Every structure is written in C-alpha cells, then in structure tokens.
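Shown next, in structure tokens, is the structure this report addresses.
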Amino acid sequence: MNYTLNKAAQPGQKTSAVDAFKKLWPLLAEEKRVLAFAAIAIGVNSGLTLVTPLVVGHAIDTFIVTKQFGGVLASSGILLGMYLVILVAQYLQTTLMGGVGQRTLFRLRNAVFNKLQELPVAFFNANRAGDLISRINNDTDKLNQFFSQSLMQFLGNAFVMLGAGVFLIALNPKLGGAALIPAFLTLLLTQLTSGWVKQRNAKSMKALGGMSGEIQESLANFKVIIAFDRRDYFRERFAEANKENYDTSVRAGIANNIFTPIYQMAQSMAQLIVLAFGIALIASGNLSIGLLVSYLAYINNFYNPMRQLAAFWANYQTALAGWDRIAEILSLETDLQPTTTEARSSSSLLEFRDVAFHYTEGKDVIHDLNFTLERGKTYALVGPTGGGKTTTASLMARLFDPTSGTVFLDGKDIRAYSSAERTKKVGFILQEPFLFNGTVRDNVVYSNEALANVSSAELEKQLKDMGLSELLVRFDKGLDTPASSGDGMSLGQKQLIAFIRAMLRKPELLILDEATANIDTITEQLLEDVLDKLPAETTRVVIAHRLNTIETADEIFFVNGGSLTRAGSLQDAVDMLLHGKRAS
Amino acid sequence: MAKPPKQAPQANLFALLKPYRGMVVALFVLTVLGNGLNLIIPLLIARGIDAYTKNGTVATMLYIEFFAAAFFVFIFTYLQSIVQTYASERVARDLRAELSAKISRQSYAYIQTTNPAKLLTNLTGDIDSVKLFVSQVIVSMISSVLMIVGASVLLISIDWKLALVVLTIIPIIGTVFFVIFGKVRTLFKSAREVIDWLNKVINESILGAALIRVLNSQTAEHEKFVKANAQAKDVGMKILSMFAAMIPIVTFVSNLATLTILALGGYLVISDQMTIGGLAAFNNYLFLLIFPIFILGFMSNIMAQAQASYARVREILDTPETAPRGTYSATLKGDVAFKDVTLIYGEKPVVKDVSFDVPAGTRTAIIGPTAAGKTQLLHLLTGLITPTSGTITYDGRDINDYNPTSLHAQIGFVFQDSIIFNMSIRENIAFNTKVTEEAMRKAIETAELSDFIETLPEKLDTVVSERGASLSGGQKQRVMLARALALEPKVLLLDDFTARVDSQTEQKILANVRANYPGITLISVTQKISSIEEYNQIVLLMEGEILATGTHEELLKTSPEYVQIFDSQRSTSHYELHAE
C-alpha cells in the first residue's frame, strides 16, 4: 500500500449538502436517541419562535386596531407563556446538541489516534511529522468548531428557516412564493459554488500543514541552522510557506466571505417584494395590515437564519475539507495484518526463506535472503553502510513485510503472530533511540506489563540482578532523571536507556542495531556482561561497526548490496570488509 | 463587556494595527456606510405602510429608494468582506514573518529552553487567534456599536417612553454576558492546557512510531491519549454548560422586549400616542438592536483570547537577543584554545575548569565515558552554547569577538545525531549558500559519497525525506560530513563520526580529509582508540573534568583510566591493525 498522503490535490469535486451529511453521519449514528430528543427540543423552540410573530400580528389586527386593551393583555399573557417554554426548550437543545458535538469529537479524535497506532512504520516514513501533526491538531479542530458550535445553530436555523418558509407559503401562497424567489436563487448559487469553496479551503489547509511541517523541521534542527550560519534558511523556507499560506488563505477567505453580502441582498429583495406585492394585495382586499407586519417578520425569520446558514456553510465547507484530510488517514489500512497462512514448520528460532524486499516503487534493497538463526546463539551482521543490515533487522521484527518470500519465527510464518505475541518474542533496539517525556524510570518500564505495577524497590532489585544498575550511574538522578526526546540527553545516554528498556523485556530474539554505537567502550563492556547474563536460549543479533562488539559472535554474516554471505571467522569478515565492494 | 486588560502597553492589539491604518480606515468607512444604509430599510418599510394607511397608495419612488439602498448595502458589505480578508491575512502573515525572523536570530539555548513545540503553537494557533480578531472583531465591533446606537436613536425618535423601557434590556444582557464570559475564560485556559497535553501525546506517537511498534505499546499510547481526550471532553462539556445557561436567558430577556412592545406599544397606539407603522418599525428595529448585543458579547470573548495570544507572541518578540555579536573577521589559522571553561546546567556543572590548546593544523581527540561532557565541548566551540565562565579562543582571540558568520564559515561541525533536511542531497550538502560547486564536489569525494549518489534516481537532486528515512545511518553521517567539509573549513569538529561508519570507510575518509584539506585543525570526539593513536593530542574527559592530556604513548604511561579504555578495545585491535 502507498501511504503517501498529499498525493495530488483532488479535482474540485462538488459535494451536495446531502452527500456531505451522509459522509459525517457515521460519526453521529451512535447519538441517534439524543439527536431525536434534541430534534424535539429544536422543533418546539423553532415552532414557537415562528408562532410568536403570528400572535403579535394577530394582537395588532384584532385588538390594537380595534382598541381592545384587554385583548392585548391576554395576548401578552399567552406570549409570555410561550417565551417560558422557549426558555426551557432552548436550554435542552443547547445541552443536548452540544453534548453530541463534544462526544462526537471525542470519538473522532480517538478513531484517528487509533488508526495512527494501527498503521505501520512505512506510513510514518512516507509522511512528514509536521504535516501529520497539523492534520490531527488543526483539522480535527475545524471539525470541533463545527460540531461544538455550528452544528446546533445549523440545525436550529435550518429548522426555523424551513418552518418560516412553510408559514410564508401557507399564509398566502402567492405572496409567500414571491418572497422565496430570492432565497431560491441564492441557494442555487451556493450549491453551484460549494465545490469551488471547499477546494479553496482544502488548499488553504494543505498550505497550513506544509507551513507547520516547515516550522517543525527547522526548530528541531536548529543547531545545524546556527552552526552552518543559515539562520536565513529558516526565514526563507518559512517565508515561502508563509506566503503560500497567505495566498491560499486569502483565496479561501474571499470565497467564504462572498456569501454574506449576497444573502443580505436576497433578504432586502424579499422585503421589497413583500412590501410592494403585499400592499397591492391589501388594496385588492386579500391581505390585512397586521398580516403584512407579520409577513415582514417572517421574512426576517426566514432570511436571518439563511444568512446565518451562509456563514455556517463556509464553516461547514471548512469542516468537510478537514474531514476529507482526516478521512484520508482513516481510510488507510495497514498491510501488516496477521495472516493465517499454514505453518511450514522450521526448527530454528528464525528463518529467512527466499526473502526479497523493496520500499515503495524502488528497486530491491534485499534479494534472495536465506539464512537461519538458532536458539541461544549470537549473530553479527557486518558490512558497509547502506548494505541492507537495518532493513534485514526490520524484517526480523516485522516492521515491514517482505515483498516476496517468508520470514519464519519459531516455526511459524511471522505474519501469523499477533503483534503482542511477536513483540514479546522479538526485542529490537533501534538505531535512533527515542525517549518519551518523563523520567528514566518511565522510559525503562515503558510498555512492560510485567513491570507496570512493580514498586521502586522491586524494580531496582531486578535491575541489579540483571547487572543494569551500574548503567544508571551515567544519569545524575538515577531512575528519576528527567528524560525527553529532545536534545537534553546525549545520544549515548539515550542508547543506554533503550538498552535497559529492551533487556527488561527479556525477549527470545534480541536485535541490537548499532545500539551501542555512541557508548564508550568501558560502559560497553558492562553491556556485554548484561548480555551474558541473559537466559542461555536467547538469540542475539548484533549490527555494529566496532569489531569488539562482534568478536564474541557465534556466527558472522556479511551483508552487502542486499545479499548475505556467511563469514567463517572474524578474520574472514574483516577481509570481506576490506576487499568487498561497497554497497551497490 | 470585557475591556482589554491595560497592563502591558506593548501587548496592545490595537497598536498592532497601526501599519494597516489605511485598511482599517477603509473597513471603518465601508462598515459605517453599509450598516447606516441598512438601518434605513425598516424606515422605508414603515413609511410605505404609513403612506398606504393614510393615502391608500405608495409612491414608486419609495421602491426605487429601497432597491438603491439594498444594492449599495450589497456593494459596501462585499467590499468590506474583501478588505477584511486581506487585512486579517496580511496582519497574520506579517506577524508570522516578524516572529520567525525573531526566532531565527535567537540562540540555540533559547530554542531549547522555550521548547520548539510551544514555538510552533505560537506561530500557528496564537497567530490564528490574532487573525480572527482582525477578521471578525474589528468589523463586528464597529457595526454592532453603530447598530445599537442607531437603533436606539431611531427607537427613541419614534417613541421615547417605549424606547426607554425596551432599552433596559441592554444592561441586563450585558451583565449576563459579563458574568458568564468571565467564567468561560478560565475554562478556556484549562482547555488550552488540555489541548497542549493532547498534542504532546500525538507528537510522541508520531515521532516514536517505530519504537512503539517494536514494543507493541500502541494500546498503552491509546490509553494515554484517551485519558487526555476525555479530559478535553470534560472541559468542553463545562464550557458548554455555561453557554447552555446563558443563551436561553439572553433570548428570554430579548423576548421580553417584544412583549413590552406589544403590551405597552399596544396601549400607546390605542391611546393614539403612536401609529401602527411606528409599532411595526419598533418590532423591526428590535431585531436590529438585539443581534448586535449578542455579537458584541461573543466578540468580547474572541478579543480576550486574541489579547492573551498576542501577549504570548509579544513576549517572544520582546525577548532581548542573545549576546552582542562581535565584528572581527579574519581568515583563521586554526589555533583553538579552552581557558578555564566551566559550563553549568541548572546546578550541575557539565564542564568543569577545562583548559587545553589545539595548535593549528594538528589533530586532537576527545575521549571519555558517556555523558562526560564531550559533545558540550564541541557545542561550546561552535558558540551554540556559551560557557558559564572561562573563555574559548580562536587564534588567541575570544570567540565572542568574532563575527559569527565569518567564524561559522570556517568551522565545520559534524553532529552526532543525523540531521537531514527534507530537500535534495545537493541542498543538504551545500547547506551554506556560499558553498561553490567545486567545494561541494570535493566534499562529496572526500566523504566517499560519489558511488552512492550515482545510484540515486536523480543523483544530487534526489530529495531525501525528513529525518532521512531513505538513507542508512552511515549514509546520513557521511552526508553530514560532506555538509561540513563543503565549507572548506579551517577547523573540523567531528562528534562521534566513526560510530556509524565501518572502520574501513572511516579510515579511507579520514585519509581523504588529510589529503584534500591539508592544514585543517581536527577535533574529534570518539570512542575508538585505534583510529587516534597517531593524533597529536588526546584529551581524556570524565564527568566534565580533564583527567589527562597527551599523546597515545604518553597517556598509556601516565593515565590508568586511559589504559583501562585502551584495554577494553584491545582484544580486537589486532584484527584492525592487521586490516591496516
């Protein structure tokens, strides 16, 4: 699967309002009951809001014109009762719909995050961190604004607008019909332009994602920028992204803002039509003055929500563009599913059978790889840089699947294991150590079920038993030293933490990918001792450039140009390194 | 209604608008024109109804006036929306540019302490909030105040007694807004904190994706996220409950105004103190009055948020820039010296009283255990960090005297961690723009990268992805070396360069460096004694202090610690010696 987002801007496909609602519906489906109650509250609220001008109009016609103050007071009493009901209905409507919005957003964020956890490493290699972060932060926020604020007003306004429309037609079909002509024209216009509006918003969001990627990259690598005297680099790259963001935002802004004046114009035209046509109707005895006053109020009741809807429409288009970008992530499927291929038994702990691999649309990084790893032995992978060592190791841990051939783990196709089973068996210390914000303790017990609820004393005992405590001397506050992924710790210290973390998990197959490259040789001897204390059946795979790290290996594989040669001895390996041709 | 807090005058949002005076004036004029005309429309309706009730006809001129008013309202609001978009986007763009320029001038230490993630929020979220202020608040404030005043005047002119009663809703609604928004504001603050937390979890899960998959800790990460997300939902619910209380009350109060118009206005019409047309107009104007009050309430909230955001942005803009820059520039000979240099992080000294000389053209190695302060020494030499006390000199002159541009152009630094930018290999290597094509070619040859680059689909112009995911560890390291060498530096600093490159390539590359860059001063942090035995000087560093300095032979005689390190590597060195 190709995991690259941001492929090409999709052609501006038009989304009708109905299609758009259909798209968002799955997110709301769980809230059906609440939505039903909310709809009742909205109905009551909007219905009464519509009836009240009628009461006013009626009171003017029947009581004020005929000068019956008692009737006016009675009407006022009825009106007050209605307003009280509106008070309650509006409270319920806000609470219920707002609740729907918050919960939906909660589910949406969880869904996106969950998907992110399902996707394989290849996905993260194919996309920039800054862009992903922007999608999850900024784009869900657009949906947040829509769900928590606009949706309720959207529905409420739509309700009032429809109700007012029905009233306008029912009270006087001719006058009502005429009053709705401007609305019809503007709705048509909106419908025709919505694809264009959405596309402009999508472009603007993409530019924002690009800008945030640029900032992320430059700030994370600030020391290079300073040391190479390229402070202008950040400024220039940022200026470019900023300009792109400005251009697309202005375009989106103009597209979004064009509707307000148009809708306002439509409202005025409707009033003009009602006034002129209404007076003609009164002259012919088909309408009363009181009804004309009510009609003018209904025009406002119809067009004001429509104007609001126009504002929300832009909001809605933005939310939809955000939703598309999120849906793009949600629609990706990991191709690393556990499969149920029949187990061709293999007696070794790990076996590569005819394995080949290439990254998306590249040439083979690895080809015809056949080898086995036995229990309890130590293997070293040596070879020039770029020869395929890390890729081989990644296949052992199923960070990728081979493009052809099979990797067998403990007799079974590695793809047949659940990720929990697999990661319990395979421990992999990555070339680039990563730390979570927290303390050294948080990081070494991270994702270790056995140690999750263990007391400090118990943890320290375990560390001591495994010979790991001596490594903690390298941290000024021991286990309580603050840790973070940033530049706060040296690379060697990060590697030590990664090492301790992997050891505490006691894997059956332990892969060290240049895991100790930046650790001094004395401390490294301590690590050797720790490795020696591992259970006898643990299989070790060591990738290293320093020869002393691999001299204790039972077997040495020379990896170059994507294929593997068995070296008879360390001497052989050294010879191969000296005389072997460099990768590709 | 909330007023902007008047503490720090430099964080004044309105002062920010000064350079955009023209656009703001245009906005003001267009808004006044559009809204002023809009106020006339109900008046025209009232005139029409009254004319009909009196005369039984309405002059055609009235309809023409009506249409003209509506048409010009359209023109003015349309122009206003365009100006508004340009003004707000321009303010945001310029503020971003100013902020980024400021950040780009700051020191490395500053970026580390302020935290890149926070700066990212400043450059995006905070500026968006200021943008929202410009795009929404200014126009809305002007038009709302105008509408309220205009509608009030008209109401009073129709009937001042009724008007006074109706207008009492303004202070009532104002008070409700004031109280509720006061509470909401503190909630917004905690909402922001929760979102920061949420973002942190997201960032870690993206940057640590590979590790999370190796440890199968997706569920744990998800739980962490759900916890933060649930908190976000709770805060959202609290904010919601505030609005759920406020909106119905405010609507009710404004509905009471309609009730007053019917009852009291009805009485006035019945007692012939008011016309029916006047009553209809009253009803119409009421809407014109209430809507702006609502808007004003919400705008005051947006404005308070923008104010807070702008204060954060301002804080960065007003931070004094680091250390005055020196102006001295000269071609370096390459003598480097540390004199009593101490560096303290927090309370802990990382480097203690370090002094040593590196004469031009010589090779010095710094070795020592993990976390001994080796990398810090190199950072000090580049001026990335400044010592707490002591001096660092180049050719006998304090590093602070030098013009940083001239100095950095002569020092090549190969960092320990791989830093590859999301651009072509060419741009990554010729990162400093002054690098010539020739210098770049030489650097590529020296770093033994030519063969590799030949295999790439677009050679030098192949774009490598962020964090260099498409390059192997050793390749990244060599690209970084080429980047440093392309400067044709007088001093080359290597931070554990040998860690990710095989010995054979390493030796070849270092020989290339000596042959192609004669006279270069080399300072190398390393773990591997076999490659530094020939060096002029080896500095043994432990817990920030120098334990010993000397040549390999001298240290073998004088330093037991050195001997210990040597022994730890000795078992394999005969292979390597043999290999040579």
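Each chain in the structure tokens gets a letter, A, B and so on, in the order shown; residues start at 1 in every chain, and ligands are counted from 1 in the order they appear.
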- Message: Just list as a VMD selection string whatever in range 474-514 of chain A DSSP marks as strand (DSSP E).
- Response: chain A and resid 482 to 483 509 to 513
Quick one: write out the picked residues with C-alpha atoms as a PDB file, in the first residue's frame?
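result-v1.pdb was written with the following content:
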```pdb
ATOM      1  CA  PRO A 482      14.120  13.665  33.593  1.00  0.00           C
ATOM      2  CA  ALA A 483      14.138  12.377  30.037  1.00  0.00           C
ATOM      3  CA  LEU A 509      15.311 -12.799  19.934  1.00  0.00           C
ATOM      4  CA  LEU A 510      17.202  -9.597  20.684  1.00  0.00           C
ATOM      5  CA  ILE A 511      18.276  -7.354  17.829  1.00  0.00           C
ATOM      6  CA  LEU A 512      20.789  -4.604  18.515  1.00  0.00           C
ATOM      7  CA  ASP A 513      21.007  -2.254  15.545  1.00  0.00           C
TER       8      ASP A 513
END
```
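The shell of residues at most 10 Å from Trp197 in chain B, with only C-alpha atoms counted and near chain neighbours (fewer than 6 positions) removed, consists of Ala191, Asn203, Phe225, Ala228, Asn229, Gln231 and Ala232 of chain B.
Straight-line separation from CA of Thr327 in chain B to CA of Arg237 in chain A: 27.0 Å.
When CA of Asp368 in chain A is paired with CA of Val355 in chain A, their separation reads 5.3 Å.
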- Query: Counting only C-alpha atoms, what is within 9 Å of Tyr83 in chain A, bar same-chain residues fewer than 5 positions away, as an MDAnalysis selection string?
  - Reply: (chainID A and resid 48:49 52 78 88) or (chainID B and resid 251:252 255:256)
- Write out as a PyMOL selection string which residues come within 12 Å of Pro433 in chain A when counting only C-alpha atoms, dropping same-chain ones fewer than 5 positions away. (chain A and resi 428+443+484-486+489-502+512-518) or (chain B and resi 207-212+214+417-418)
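Coordinates place CA of Ser218 in chain A at a distance of 8.4 Å from CA of Phe421 in chain B.
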- Identify, on the basis of only C-alpha atoms, every residue whose closest approach to range 324-333 of chain A does not exceed 7 Å; exclude the query and any residue fewer than 5 positions from it along the same chain; express the result as a PyMOL selection string. chain A and resi 112+115+119+135
- Skip Gly130 in chain A itself and residues of its chain fewer than 6 positions away, then list as a PyMOL selection string all residues within 7 Å of it, counting only C-alpha atoms. chain A and resi 209+212-213+216
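For the choices B:Gly550, B:Pro489, B:Gly297, B:Pro369, the atom-to-atom distance to chain A is smallest for B:Pro369 when using only C-alpha atoms.
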- If you count only C-alpha atoms, which residues fall within 7 Å of Glu545 in chain B, apart from same-chain ones fewer than 4 positions away, as a VMD selection string? chain B and resid 351 to 354 541
Write out, as an mmCIF file, in the first residue's frame, the residues just selected, with C-alpha atoms.
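Okay, this is what ended up in out_2.cif:
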```cif
data_model
loop_
_atom_site.group_PDB
_atom_site.id
_atom_site.type_symbol
_atom_site.label_atom_id
_atom_site.label_comp_id
_atom_site.auth_asym_id
_atom_site.auth_seq_id
_atom_site.Cartn_x
_atom_site.Cartn_y
_atom_site.Cartn_z
ATOM 1 C CA VAL B 351 32.068 21.033 32.075
ATOM 2 C CA LYS B 352 34.495 21.890 34.888
ATOM 3 C CA ASP B 353 37.514 24.126 34.523
ATOM 4 C CA VAL B 354 38.613 22.785 31.182
ATOM 5 C CA LEU B 541 37.345 13.747 29.807
#
```
- Task: Using DSSP on the backbone, list every residue of range 399-436 of chain B that comes out as alpha helix (DSSP H), and give them as a PyMOL selection string.
- Result: chain B and resi 404-408+425-429
Could you turn the residues from that selection into a file that holds C-alpha atoms, as a PDB file, in the first residue's frame?
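result.pdb, written as the output of this step:
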```pdb
ATOM      1  CA  PRO B 404      29.537  34.714  13.788  1.00  0.00           C
ATOM      2  CA  THR B 405      29.020  34.483  10.034  1.00  0.00           C
ATOM      3  CA  SER B 406      32.731  34.667   9.344  1.00  0.00           C
ATOM      4  CA  LEU B 407      33.503  32.217  12.152  1.00  0.00           C
ATOM      5  CA  HIS B 408      30.858  29.642  11.240  1.00  0.00           C
ATOM      6  CA  ILE B 425      21.047  15.888  -1.427  1.00  0.00           C
ATOM      7  CA  ARG B 426      22.644  18.873  -3.143  1.00  0.00           C
ATOM      8  CA  GLU B 427      20.839  21.342  -0.885  1.00  0.00           C
ATOM      9  CA  ASN B 428      21.624  19.220   2.143  1.00  0.00           C
ATOM     10  CA  ILE B 429      25.329  19.244   1.383  1.00  0.00           C
TER      11      ILE B 429
END
```
- Would you please work out which residue, of B:Ile156, B:Leu493, B:Leu510, B:Ile316, is nearest to chain A when using only C-alpha atoms? B:Leu493
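If you measure from each of A:Trp25, A:Phe558, A:Phe277, A:Phe69 to chain B using only C-alpha atoms, the closest one turns out to be A:Phe69.
Minimum distance to chain B across A:Gly156, A:Gly210, A:Pro261, A:Gly101 (counting only C-alpha atoms) occurs at A:Pro261.
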- Task: Could you tell me which of B:Ile546, B:Leu494, B:Leu17, B:Val464 comes closest to Phe338 in chain B if we count only C-alpha atoms?
- Result: B:Ile546
